[in-house]
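Trainee: Take this structure first; my questions come after.
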Amino acid sequence: MTRLNTVAGYKALLAARCTSSVALWLDFTLIFSLLSYHWHADAITIGVSSALYGLPGLVLGPLLGSLADRRNPVVMLAISYLARGVTSVLLIVAPDLHVFVLLVLIKGIANLGAMPAEQVLIRSMLNKEQLVSNASVMTAVDQLTKICAPLVAAGVTGLYRPAAGLWLSAALAMVGIFGLPALRRVAPSRTRRAAGIPHGWHYGPLWQLARKNRRFRHAFVCVLWLSAILGLYDPLLSLFLKEEGMPAAAFGMIVSCTAGGALAGALAFRTLHRRCQRHVPSGGLIAFGLTVLLPGGLAAGGVAIHLPLWLALWMVNGCAYGLTAMSFGVTLQQECSAGAIGSVSAGARSAQLGALVLGPLLGASMQSLLGIPLLFVLSGSLAVIGGAVMLWCVQNGKDLVVGQARSVEHP
């Protein structure tokens, strides 16, 4: 049975995810608009604010994931929504730039509770077949909000002022809270279990699952490598476009194409997962690498790249990225025990964030030596090689870890 609309509480869960995703992108867009146009912050302050907004997930994510396993996830969602709403209001009335930056840090912490709580609820409500359909639906929701929410933020900023959009963000948080009773009726009796999870190290459940479960390990390596490669080249994409003579609007068009590609991937994912689920993560990684390698190679060879080719490549890029990410999400849900899903999902997310933080630092240092086109060639080549190695491992039943691995089945 894969029909999601027949699952009690699923519509409420989908509404919560949609609300959370819209608020997240609104906040991101508006915070940095305010820093630039209202507080007139310099580049260093904006960079520090960006780090403070993202780094809490790296440091505190696994802790909150463990709490989601041990506590009622609906209560965690309520606390997260309330914290988001309160910090949105405080950002509006912040008296100076220093307080505003401190509130950006608090906003980053407030955002952390929703993801592991949602993962616990998804795992408790859906069976293995439904998890595949859910991955497509949730990805489509995320990508649509990624397209629409910044446009809403831009409209509110244009009609009123940047801070006005934060009132909308606060209102969405309250809407999210009011929608939680529908989840509370179906979730609590099935989600309060985590007695066997070790307390000492919050990455422990992730390490144990990766060590014991070959399917999960392969998918996790693919998505972690994907995140590292993205961090390596992505911050330099706008400069690359500028060097290639693309108009200023090209970067925004490419971002939209990436989201459109991810939507296409979401529509195709269920069919691809059914036909070749073992090969989707590595196949997506290879396709992703080719879309980065090709423009770098053409530019390094002095061949002009026209805008339609850029847009087509990044449509495929977004699709390939989405397929690998969705495949990992489904594998995590299917292979992880219900009592550790919050810890494992938050730990995996923190590992990806670590790769995304370190990647730009390494990419910036390598760019000064190689130049941007060759950096894209290197990034794409690393992705293709990594995907090919993982594909070979899957095809031949090999492993990346010394020692016996076993597949773990969970109810």
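Simple scheme: letters A, B, ... for chains in structure tokens order, numbers from 1 for residues in each chain, numbers from 1 for ligands in the order shown.
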Skipping near chain neighbours, those fewer than 2 positions away, what residues fall within 8 Å of segment 215-229 of chain A using only C-alpha atoms, listed as a ChimeraX atom specification?
Mentor: /A:209-211,213,231-233,278,281-282,285,321,324-325,327-328,331-332,335,348,351-353,355-356,358-359,379-380,382-383,386-387,390,394,407
Trainee: Write out as a list in words the residues lying within 12 Å of Pro308 of chain A, counting only C-alpha atoms and excluding same-chain residues fewer than 4 positions away.
Mentor: Met246, Ala250, Met253, Ile254, Cys257, Ala304, Ala312, Leu313, Trp314 and Met315 of chain A
Trainee: Go ahead and write the selection's residues with all heavy atoms as a tab-separated table (two decimals), in the first residue's frame.
Mentor:
```tsv
chain	number	residue	atom	x	y	z
A	246	MET	N	28.74	35.70	-18.98
A	246	MET	CA	27.30	35.54	-18.82
A	246	MET	C	26.69	36.79	-18.18
A	246	MET	O	27.36	37.48	-17.40
A	246	MET	CB	26.99	34.33	-17.93
A	246	MET	CG	27.35	32.99	-18.54
A	246	MET	SD	26.39	32.58	-20.01
A	246	MET	CE	27.62	32.83	-21.29
A	250	ALA	N	22.14	35.48	-15.10
A	250	ALA	CA	22.37	34.06	-15.39
A	250	ALA	C	22.42	33.22	-14.12
A	250	ALA	O	21.92	32.08	-14.11
A	250	ALA	CB	23.68	33.90	-16.17
A	253	MET	N	18.98	32.42	-12.94
A	253	MET	CA	18.35	31.48	-13.86
A	253	MET	C	18.87	30.06	-13.61
A	253	MET	O	18.10	29.09	-13.65
A	253	MET	CB	18.61	31.90	-15.29
A	253	MET	CG	17.99	33.23	-15.67
A	253	MET	SD	18.60	33.88	-17.25
A	253	MET	CE	17.89	32.71	-18.39
A	254	ILE	N	20.17	29.94	-13.32
A	254	ILE	CA	20.75	28.62	-13.06
A	254	ILE	C	20.21	28.04	-11.76
A	254	ILE	O	19.93	26.84	-11.66
A	254	ILE	CB	22.28	28.72	-13.05
A	254	ILE	CG1	22.79	28.75	-14.49
A	254	ILE	CG2	22.92	27.57	-12.28
A	254	ILE	CD1	24.28	28.88	-14.63
A	257	CYS	N	16.90	26.68	-12.54
A	257	CYS	CA	17.02	25.44	-13.31
A	257	CYS	C	17.41	24.28	-12.40
A	257	CYS	O	16.95	23.15	-12.59
A	257	CYS	CB	18.05	25.60	-14.42
A	257	CYS	SG	17.46	26.55	-15.82
A	304	ALA	N	33.67	28.57	-26.11
A	304	ALA	CA	32.61	29.40	-25.54
A	304	ALA	C	31.42	28.53	-25.13
A	304	ALA	O	31.03	27.62	-25.86
A	304	ALA	CB	32.18	30.46	-26.54
A	312	ALA	N	20.80	23.95	-19.36
A	312	ALA	CA	20.52	22.52	-19.52
A	312	ALA	C	21.39	21.69	-18.58
A	312	ALA	O	20.91	20.74	-17.94
A	312	ALA	CB	20.75	22.10	-20.98
A	313	LEU	N	22.66	22.04	-18.48
A	313	LEU	CA	23.56	21.29	-17.60
A	313	LEU	C	23.12	21.37	-16.15
A	313	LEU	O	23.15	20.38	-15.43
A	313	LEU	CB	24.99	21.83	-17.75
A	313	LEU	CG	25.76	21.41	-19.00
A	313	LEU	CD1	27.08	22.17	-19.10
A	313	LEU	CD2	26.01	19.91	-19.00
A	314	TRP	N	22.71	22.55	-15.74
A	314	TRP	CA	22.34	22.67	-14.33
A	314	TRP	C	20.94	22.14	-14.04
A	314	TRP	O	20.62	21.84	-12.91
A	314	TRP	CB	22.53	24.11	-13.86
A	314	TRP	CG	23.75	24.18	-12.98
A	314	TRP	CD1	23.78	24.28	-11.63
A	314	TRP	CD2	25.11	24.08	-13.40
A	314	TRP	NE1	25.07	24.25	-11.18
A	314	TRP	CE2	25.92	24.13	-12.24
A	314	TRP	CE3	25.74	23.95	-14.63
A	314	TRP	CZ2	27.30	24.05	-12.27
A	314	TRP	CZ3	27.12	23.87	-14.68
A	314	TRP	CH2	27.88	23.93	-13.51
A	315	MET	N	20.14	21.99	-15.06
A	315	MET	CA	18.89	21.24	-14.88
A	315	MET	C	19.21	19.78	-14.57
A	315	MET	O	18.66	19.18	-13.64
A	315	MET	CB	18.04	21.34	-16.16
A	315	MET	CG	16.70	20.60	-16.08
A	315	MET	SD	15.43	21.49	-15.17
A	315	MET	CE	15.00	22.74	-16.38
```
Trainee: Applying 10 Å and only C-alpha atoms, which residues near Trp25 of chain A remain after dropping the ones on its own chain fewer than 2 positions away? List them as a VMD selection string.
Mentor: chain A and resid 20 to 23 27 to 31 142 145 to 150 152 to 153 169
Trainee: Would you mind exporting all heavy atoms of the selected residues as a compact mmCIF listing (two decimals), in the first residue's frame?
Mentor:
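This is the output file selection.txt:
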```txt
# COMPACT_ATOMS: atom_id res chain seq x y z
N SER A 20 7.26 24.65 7.42
CA SER A 20 8.63 24.75 7.89
C SER A 20 9.57 25.17 6.76
O SER A 20 10.46 26.01 6.94
CB SER A 20 9.06 23.39 8.46
OG SER A 20 10.25 23.48 9.16
N SER A 21 9.38 24.60 5.58
CA SER A 21 10.25 24.90 4.45
C SER A 21 10.07 26.34 3.97
O SER A 21 11.05 27.03 3.69
CB SER A 21 9.96 23.91 3.31
OG SER A 21 10.87 24.06 2.26
N VAL A 22 8.82 26.80 3.89
CA VAL A 22 8.58 28.19 3.48
C VAL A 22 9.21 29.16 4.46
O VAL A 22 9.88 30.13 4.08
CB VAL A 22 7.06 28.45 3.36
CG1 VAL A 22 6.79 29.94 3.14
CG2 VAL A 22 6.47 27.65 2.21
N ALA A 23 9.01 28.91 5.76
CA ALA A 23 9.58 29.79 6.78
C ALA A 23 11.10 29.81 6.71
O ALA A 23 11.74 30.86 6.87
CB ALA A 23 9.12 29.36 8.17
N ASP A 27 13.15 33.18 5.96
CA ASP A 27 14.13 33.68 6.93
C ASP A 27 15.49 33.89 6.29
O ASP A 27 16.13 34.93 6.48
CB ASP A 27 14.28 32.68 8.10
CG ASP A 27 13.05 32.65 9.00
OD1 ASP A 27 12.27 33.62 8.95
OD2 ASP A 27 12.88 31.67 9.73
N PHE A 28 15.95 32.89 5.54
CA PHE A 28 17.27 32.98 4.92
C PHE A 28 17.37 34.20 4.01
O PHE A 28 18.33 34.97 4.07
CB PHE A 28 17.55 31.70 4.13
CG PHE A 28 18.88 31.70 3.43
CD1 PHE A 28 20.04 31.38 4.13
CD2 PHE A 28 18.97 32.02 2.09
CE1 PHE A 28 21.27 31.37 3.48
CE2 PHE A 28 20.21 32.03 1.44
CZ PHE A 28 21.35 31.70 2.14
N THR A 29 16.35 34.38 3.17
CA THR A 29 16.37 35.50 2.22
C THR A 29 16.31 36.84 2.93
O THR A 29 17.07 37.77 2.64
CB THR A 29 15.20 35.38 1.23
OG1 THR A 29 15.25 34.11 0.59
CG2 THR A 29 15.26 36.48 0.18
N LEU A 30 15.40 36.94 3.91
CA LEU A 30 15.17 38.22 4.56
C LEU A 30 16.30 38.61 5.50
O LEU A 30 16.64 39.79 5.61
CB LEU A 30 13.85 38.16 5.32
CG LEU A 30 12.60 38.04 4.45
CD1 LEU A 30 11.38 37.68 5.28
CD2 LEU A 30 12.36 39.34 3.69
N ILE A 31 16.88 37.65 6.19
CA ILE A 31 17.98 37.96 7.12
C ILE A 31 19.13 38.62 6.38
O ILE A 31 19.67 39.66 6.81
CB ILE A 31 18.44 36.69 7.85
CG1 ILE A 31 17.45 36.33 8.96
CG2 ILE A 31 19.84 36.88 8.44
CD1 ILE A 31 17.71 34.97 9.60
N ASP A 142 9.92 20.84 -1.04
CA ASP A 142 11.10 21.65 -0.72
C ASP A 142 11.54 22.49 -1.91
O ASP A 142 11.91 23.67 -1.74
CB ASP A 142 12.26 20.74 -0.28
CG ASP A 142 12.03 20.14 1.10
OD1 ASP A 142 11.19 20.67 1.85
OD2 ASP A 142 12.69 19.13 1.42
N THR A 145 9.06 25.38 -2.67
CA THR A 145 9.21 26.49 -1.71
C THR A 145 10.54 27.21 -1.93
O THR A 145 10.63 28.43 -1.71
CB THR A 145 9.13 25.98 -0.27
OG1 THR A 145 10.10 24.94 -0.07
CG2 THR A 145 7.76 25.43 0.03
N LYS A 146 11.56 26.48 -2.37
CA LYS A 146 12.85 27.12 -2.66
C LYS A 146 12.71 28.13 -3.80
O LYS A 146 13.41 29.15 -3.84
CB LYS A 146 13.87 26.04 -3.03
CG LYS A 146 15.26 26.57 -3.32
CD LYS A 146 16.20 25.43 -3.67
CE LYS A 146 17.60 25.93 -4.03
NZ LYS A 146 18.51 24.82 -4.38
N ILE A 147 11.80 27.84 -4.73
CA ILE A 147 11.55 28.76 -5.84
C ILE A 147 10.64 29.91 -5.41
O ILE A 147 10.90 31.08 -5.69
CB ILE A 147 10.93 28.01 -7.03
CG1 ILE A 147 11.93 27.00 -7.61
CG2 ILE A 147 10.51 28.99 -8.13
CD1 ILE A 147 11.32 26.06 -8.63
N CYS A 148 9.56 29.57 -4.70
CA CYS A 148 8.50 30.56 -4.43
C CYS A 148 8.80 31.47 -3.24
O CYS A 148 8.51 32.66 -3.28
CB CYS A 148 7.18 29.83 -4.20
SG CYS A 148 6.58 28.92 -5.63
N ALA A 149 9.38 30.90 -2.16
CA ALA A 149 9.57 31.69 -0.95
C ALA A 149 10.47 32.90 -1.17
O ALA A 149 10.15 34.01 -0.70
CB ALA A 149 10.10 30.81 0.18
N PRO A 150 11.62 32.76 -1.87
CA PRO A 150 12.42 33.97 -2.12
C PRO A 150 11.68 35.01 -2.96
O PRO A 150 11.89 36.21 -2.78
CB PRO A 150 13.63 33.42 -2.88
CG PRO A 150 13.76 32.01 -2.42
CD PRO A 150 12.34 31.54 -2.28
N VAL A 152 8.42 35.54 -2.80
CA VAL A 152 7.53 36.20 -1.83
C VAL A 152 8.31 37.20 -1.00
O VAL A 152 7.85 38.34 -0.76
CB VAL A 152 6.86 35.14 -0.93
CG1 VAL A 152 6.09 35.82 0.21
CG2 VAL A 152 5.93 34.26 -1.73
N ALA A 153 9.50 36.79 -0.55
CA ALA A 153 10.33 37.70 0.24
C ALA A 153 10.69 38.95 -0.56
O ALA A 153 10.66 40.07 -0.03
CB ALA A 153 11.60 36.98 0.69
N SER A 169 6.95 35.30 8.49
CA SER A 169 7.65 34.14 9.03
C SER A 169 7.12 33.78 10.42
O SER A 169 6.89 32.61 10.73
CB SER A 169 9.16 34.42 9.10
OG SER A 169 9.84 33.37 9.74
```
Trainee: Separation of atom CA of Leu131 of chain A and atom CA of Leu14 of chain A, in Å?
Mentor: 13.1 Å
Trainee: For Val292 of chain A, please output as a PyMOL selection string all residues within 8 Å (counting only C-alpha atoms; exclusion window: fewer than 3 positions along the same chain).
Mentor: chain A and resi 288-289+295-296+317+376-377+379-380
Trainee: Emit the selected residues as a PDB file, in the first residue's frame, including all heavy atoms.
Mentor:
```
ATOM      1  N   PHE A 288      25.990  13.938 -11.849  1.00  0.00           N
ATOM      2  CA  PHE A 288      26.291  15.225 -11.220  1.00  0.00           C
ATOM      3  C   PHE A 288      27.702  15.678 -11.590  1.00  0.00           C
ATOM      4  O   PHE A 288      27.930  16.831 -11.964  1.00  0.00           O
ATOM      5  CB  PHE A 288      26.141  15.069  -9.705  1.00  0.00           C
ATOM      6  CG  PHE A 288      26.514  16.286  -8.913  1.00  0.00           C
ATOM      7  CD1 PHE A 288      25.596  17.286  -8.684  1.00  0.00           C
ATOM      8  CD2 PHE A 288      27.795  16.418  -8.376  1.00  0.00           C
ATOM      9  CE1 PHE A 288      25.939  18.415  -7.944  1.00  0.00           C
ATOM     10  CE2 PHE A 288      28.147  17.527  -7.637  1.00  0.00           C
ATOM     11  CZ  PHE A 288      27.211  18.530  -7.417  1.00  0.00           C
ATOM     12  N   GLY A 289      28.674  14.764 -11.485  1.00  0.00           N
ATOM     13  CA  GLY A 289      30.048  15.115 -11.800  1.00  0.00           C
ATOM     14  C   GLY A 289      30.234  15.524 -13.250  1.00  0.00           C
ATOM     15  O   GLY A 289      30.994  16.455 -13.559  1.00  0.00           O
ATOM     16  N   PRO A 295      31.455  21.854 -18.366  1.00  0.00           N
ATOM     17  CA  PRO A 295      31.718  23.288 -18.561  1.00  0.00           C
ATOM     18  C   PRO A 295      33.137  23.680 -18.179  1.00  0.00           C
ATOM     19  O   PRO A 295      33.742  24.558 -18.811  1.00  0.00           O
ATOM     20  CB  PRO A 295      30.688  23.971 -17.656  1.00  0.00           C
ATOM     21  CG  PRO A 295      30.307  22.953 -16.652  1.00  0.00           C
ATOM     22  CD  PRO A 295      30.401  21.632 -17.366  1.00  0.00           C
ATOM     23  N   GLY A 296      33.698  23.023 -17.141  1.00  0.00           N
ATOM     24  CA  GLY A 296      35.077  23.319 -16.787  1.00  0.00           C
ATOM     25  C   GLY A 296      36.039  22.951 -17.900  1.00  0.00           C
ATOM     26  O   GLY A 296      36.965  23.709 -18.230  1.00  0.00           O
ATOM     27  N   ASN A 317      22.080  18.773 -13.416  1.00  0.00           N
ATOM     28  CA  ASN A 317      22.801  18.827 -12.148  1.00  0.00           C
ATOM     29  C   ASN A 317      21.838  18.734 -10.961  1.00  0.00           C
ATOM     30  O   ASN A 317      22.044  17.947 -10.027  1.00  0.00           O
ATOM     31  CB  ASN A 317      23.610  20.126 -12.098  1.00  0.00           C
ATOM     32  CG  ASN A 317      24.420  20.282 -10.822  1.00  0.00           C
ATOM     33  OD1 ASN A 317      23.889  20.621  -9.772  1.00  0.00           O
ATOM     34  ND2 ASN A 317      25.720  20.070 -10.927  1.00  0.00           N
ATOM     35  N   PHE A 376      36.753  23.340 -11.630  1.00  0.00           N
ATOM     36  CA  PHE A 376      35.528  22.642 -12.025  1.00  0.00           C
ATOM     37  C   PHE A 376      35.855  21.292 -12.652  1.00  0.00           C
ATOM     38  O   PHE A 376      35.161  20.306 -12.409  1.00  0.00           O
ATOM     39  CB  PHE A 376      34.722  23.508 -12.997  1.00  0.00           C
ATOM     40  CG  PHE A 376      33.745  24.425 -12.324  1.00  0.00           C
ATOM     41  CD1 PHE A 376      34.190  25.435 -11.478  1.00  0.00           C
ATOM     42  CD2 PHE A 376      32.390  24.283 -12.500  1.00  0.00           C
ATOM     43  CE1 PHE A 376      33.295  26.282 -10.847  1.00  0.00           C
ATOM     44  CE2 PHE A 376      31.472  25.122 -11.877  1.00  0.00           C
ATOM     45  CZ  PHE A 376      31.939  26.126 -11.039  1.00  0.00           C
ATOM     46  N   VAL A 377      36.925  21.235 -13.443  1.00  0.00           N
ATOM     47  CA  VAL A 377      37.349  19.957 -14.018  1.00  0.00           C
ATOM     48  C   VAL A 377      37.706  18.978 -12.915  1.00  0.00           C
ATOM     49  O   VAL A 377      37.293  17.804 -12.931  1.00  0.00           O
ATOM     50  CB  VAL A 377      38.543  20.157 -14.967  1.00  0.00           C
ATOM     51  CG1 VAL A 377      39.132  18.812 -15.383  1.00  0.00           C
ATOM     52  CG2 VAL A 377      38.122  20.940 -16.200  1.00  0.00           C
ATOM     53  N   SER A 379      36.746  19.063  -9.707  1.00  0.00           N
ATOM     54  CA  SER A 379      35.561  18.721  -8.915  1.00  0.00           C
ATOM     55  C   SER A 379      34.707  17.691  -9.636  1.00  0.00           C
ATOM     56  O   SER A 379      34.278  16.684  -9.052  1.00  0.00           O
ATOM     57  CB  SER A 379      34.734  19.986  -8.636  1.00  0.00           C
ATOM     58  OG  SER A 379      35.483  20.940  -7.919  1.00  0.00           O
ATOM     59  N   GLY A 380      34.438  17.940 -10.914  1.00  0.00           N
ATOM     60  CA  GLY A 380      33.633  16.997 -11.676  1.00  0.00           C
ATOM     61  C   GLY A 380      34.299  15.638 -11.796  1.00  0.00           C
ATOM     62  O   GLY A 380      33.643  14.594 -11.688  1.00  0.00           O
TER      63      GLY A 380
END
```
Trainee: So, with only C-alpha atoms as the atoms that count, which of A:Leu237, A:Ile341, A:Ala262, A:Leu309 lies closest to Leu375 of chain A?
Mentor: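 Once distances to Leu375 of chain A are computed over only C-alpha atoms, the minimum belongs to A:Leu237.
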Trainee: Just the alpha helix (DSSP H) stuff from segment 166-375 of chain A, please, per backbone DSSP, written as a PyMOL selection string.
Mentor: chain A and resi 166-178+181-184+188-191+204-212+214-233+237-243+250-276+280-300+307-335+341-370+372-375
Trainee: Any idea what the distance is between atom CA of Gly179 of chain A and atom CA of Leu13 of chain A?
Mentor: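 Calculated distance between atom CA of Gly179 of chain A and atom CA of Leu13 of chain A is 8.8 Å.
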Trainee: To one decimal in Å, tell me the separation between atom CA of Leu58 of chain A and atom CA of Ser350 of chain A.
Mentor: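 A separation of 4.5 Å between them.
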Trainee: If we count only C-alpha atoms and set the cut-off at 7 Å, which residues sit around Val89 of chain A, ignoring sequence neighbours fewer than 3 positions away in its own chain? Please answer as a PyMOL selection string.
Mentor: chain A and resi 85-86+92-93+166-167+170
Trainee: Go through segment 86-159 of chain A residue by residue and, counting only C-alpha atoms, keep those with an atom at most 6 Å from segment 42-57 of chain A; for each kept residue give the shortest atom pair and its distance in Å to one decimal, ordered by chain and increasing number, as CSV.
Mentor:
```
residue,atom,partner,partner_atom,distance
A:Val101,CA,A:Ser49,CA,5.9
A:Val104,CA,A:Tyr53,CA,5.8
A:Leu105,CA,A:Leu52,CA,5.0
A:Gly108,CA,A:Tyr53,CA,4.6
A:Ile109,CA,A:Pro56,CA,5.7
```
Trainee: For the selection you just gave me, I'd like the residues written to a file as a JSON list (two decimals), in the first residue's frame, keeping N, CA and C atoms.
Mentor:
```json
[["chain", "number", "residue", "atom", "x", "y", "z"],
["A", 101, "VAL", "N", 22.91, 40.10, 14.88],
["A", 101, "VAL", "CA", 23.77, 38.96, 14.56],
["A", 101, "VAL", "C", 23.61, 37.87, 15.62],
["A", 104, "VAL", "N", 20.55, 36.02, 14.87],
["A", 104, "VAL", "CA", 20.74, 35.11, 13.72],
["A", 104, "VAL", "C", 21.25, 33.76, 14.22],
["A", 105, "LEU", "N", 22.17, 33.78, 15.18],
["A", 105, "LEU", "CA", 22.66, 32.54, 15.78],
["A", 105, "LEU", "C", 21.52, 31.77, 16.45],
["A", 108, "GLY", "N", 19.31, 30.15, 13.94],
["A", 108, "GLY", "CA", 19.91, 28.92, 13.43],
["A", 108, "GLY", "C", 19.68, 27.75, 14.36],
["A", 109, "ILE", "N", 19.76, 28.00, 15.68],
["A", 109, "ILE", "CA", 19.51, 26.95, 16.66],
["A", 109, "ILE", "C", 18.04, 26.56, 16.64]]
```
Trainee: Counting only C-alpha atoms, which of A:Leu34, A:Ala8, A:Leu97, A:Leu183 gets nearest to Asn72 of chain A?
Mentor: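 Among the listed residues, A:Leu183 lies closest to Asn72 of chain A.
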Trainee: Tell me which protein, DNA and RNA residues are within 8 Å of Thr19 of chain A, counting only C-alpha atoms, leaving out same-chain ones fewer than 3 positions away, and put them as JSON, numbers by chain.
Mentor: {"A": [15, 16, 22, 23, 172, 173, 175, 176]}
Trainee: Got time to write the residues from that selection, N, CA and C atoms, as a PDB file, in the first residue's frame?
Mentor:
```
ATOM      1  N   ALA A  15       1.708  19.259   5.655  1.00  0.00           N
ATOM      2  CA  ALA A  15       1.475  20.680   5.900  1.00  0.00           C
ATOM      3  C   ALA A  15       2.553  21.266   6.808  1.00  0.00           C
ATOM      4  N   ALA A  16       2.965  20.485   7.820  1.00  0.00           N
ATOM      5  CA  ALA A  16       4.027  20.942   8.722  1.00  0.00           C
ATOM      6  C   ALA A  16       5.334  21.118   7.960  1.00  0.00           C
ATOM      7  N   VAL A  22       8.825  26.803   3.893  1.00  0.00           N
ATOM      8  CA  VAL A  22       8.575  28.186   3.480  1.00  0.00           C
ATOM      9  C   VAL A  22       9.210  29.160   4.465  1.00  0.00           C
ATOM     10  N   ALA A  23       9.014  28.907   5.764  1.00  0.00           N
ATOM     11  CA  ALA A  23       9.581  29.790   6.778  1.00  0.00           C
ATOM     12  C   ALA A  23      11.104  29.807   6.713  1.00  0.00           C
ATOM     13  N   LEU A 172       3.711  32.185  10.099  1.00  0.00           N
ATOM     14  CA  LEU A 172       3.807  30.791   9.651  1.00  0.00           C
ATOM     15  C   LEU A 172       4.163  29.856  10.807  1.00  0.00           C
ATOM     16  N   ALA A 173       4.999  30.332  11.714  1.00  0.00           N
ATOM     17  CA  ALA A 173       5.339  29.517  12.881  1.00  0.00           C
ATOM     18  C   ALA A 173       4.094  29.229  13.714  1.00  0.00           C
ATOM     19  N   VAL A 175       1.006  29.192  12.578  1.00  0.00           N
ATOM     20  CA  VAL A 175       0.194  28.269  11.785  1.00  0.00           C
ATOM     21  C   VAL A 175       0.681  26.839  11.980  1.00  0.00           C
ATOM     22  N   GLY A 176       2.003  26.659  11.976  1.00  0.00           N
ATOM     23  CA  GLY A 176       2.559  25.335  12.197  1.00  0.00           C
ATOM     24  C   GLY A 176       2.156  24.753  13.540  1.00  0.00           C
TER      25      GLY A 176
END
```
Trainee: Give me the residues near Ala299 of chain A as a list in words, where near means some atom within 12 Å (using only C-alpha atoms) and where sequence neighbours in that chain fewer than 2 positions away do not count.
Mentor: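 Residues meeting the cut-off are Phe240, Leu241, Glu243, Glu244, Gly245, Val292, Leu293, Leu294, Pro295, Gly296, Gly297, Gly301, Gly302, Val303, Ala304, Ile305, His306, Trp310, Gly371, Ile372, Pro373, Leu374, Leu375, Phe376 and Val377 of chain A.
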Trainee: Those same residues - C-alpha atoms - I'd like them written as a PDB file, in the first residue's frame.
Mentor:
```
ATOM      1  CA  PHE A 240      32.832  31.407 -13.270  1.00  0.00           C
ATOM      2  CA  LEU A 241      29.741  32.727 -15.021  1.00  0.00           C
ATOM      3  CA  GLU A 243      34.461  35.121 -16.358  1.00  0.00           C
ATOM      4  CA  GLU A 244      32.567  33.399 -19.182  1.00  0.00           C
ATOM      5  CA  GLY A 245      30.732  36.621 -20.031  1.00  0.00           C
ATOM      6  CA  VAL A 292      30.462  20.065 -13.516  1.00  0.00           C
ATOM      7  CA  LEU A 293      33.296  18.514 -15.538  1.00  0.00           C
ATOM      8  CA  LEU A 294      31.917  19.461 -18.966  1.00  0.00           C
ATOM      9  CA  PRO A 295      31.718  23.288 -18.561  1.00  0.00           C
ATOM     10  CA  GLY A 296      35.077  23.319 -16.787  1.00  0.00           C
ATOM     11  CA  GLY A 297      36.687  21.347 -19.591  1.00  0.00           C
ATOM     12  CA  GLY A 301      39.937  24.527 -23.705  1.00  0.00           C
ATOM     13  CA  GLY A 302      38.839  28.021 -24.743  1.00  0.00           C
ATOM     14  CA  VAL A 303      35.439  26.897 -26.063  1.00  0.00           C
ATOM     15  CA  ALA A 304      32.610  29.400 -25.538  1.00  0.00           C
ATOM     16  CA  ILE A 305      29.696  28.097 -23.475  1.00  0.00           C
ATOM     17  CA  HIS A 306      26.327  29.544 -24.444  1.00  0.00           C
ATOM     18  CA  TRP A 310      24.576  26.247 -18.939  1.00  0.00           C
ATOM     19  CA  GLY A 371      41.983  28.806 -11.795  1.00  0.00           C
ATOM     20  CA  ILE A 372      38.210  28.338 -11.810  1.00  0.00           C
ATOM     21  CA  PRO A 373      37.842  26.202 -14.981  1.00  0.00           C
ATOM     22  CA  LEU A 374      40.387  23.623 -13.818  1.00  0.00           C
ATOM     23  CA  LEU A 375      38.832  23.593 -10.367  1.00  0.00           C
ATOM     24  CA  PHE A 376      35.528  22.642 -12.025  1.00  0.00           C
ATOM     25  CA  VAL A 377      37.349  19.957 -14.018  1.00  0.00           C
TER      26      VAL A 377
END
```
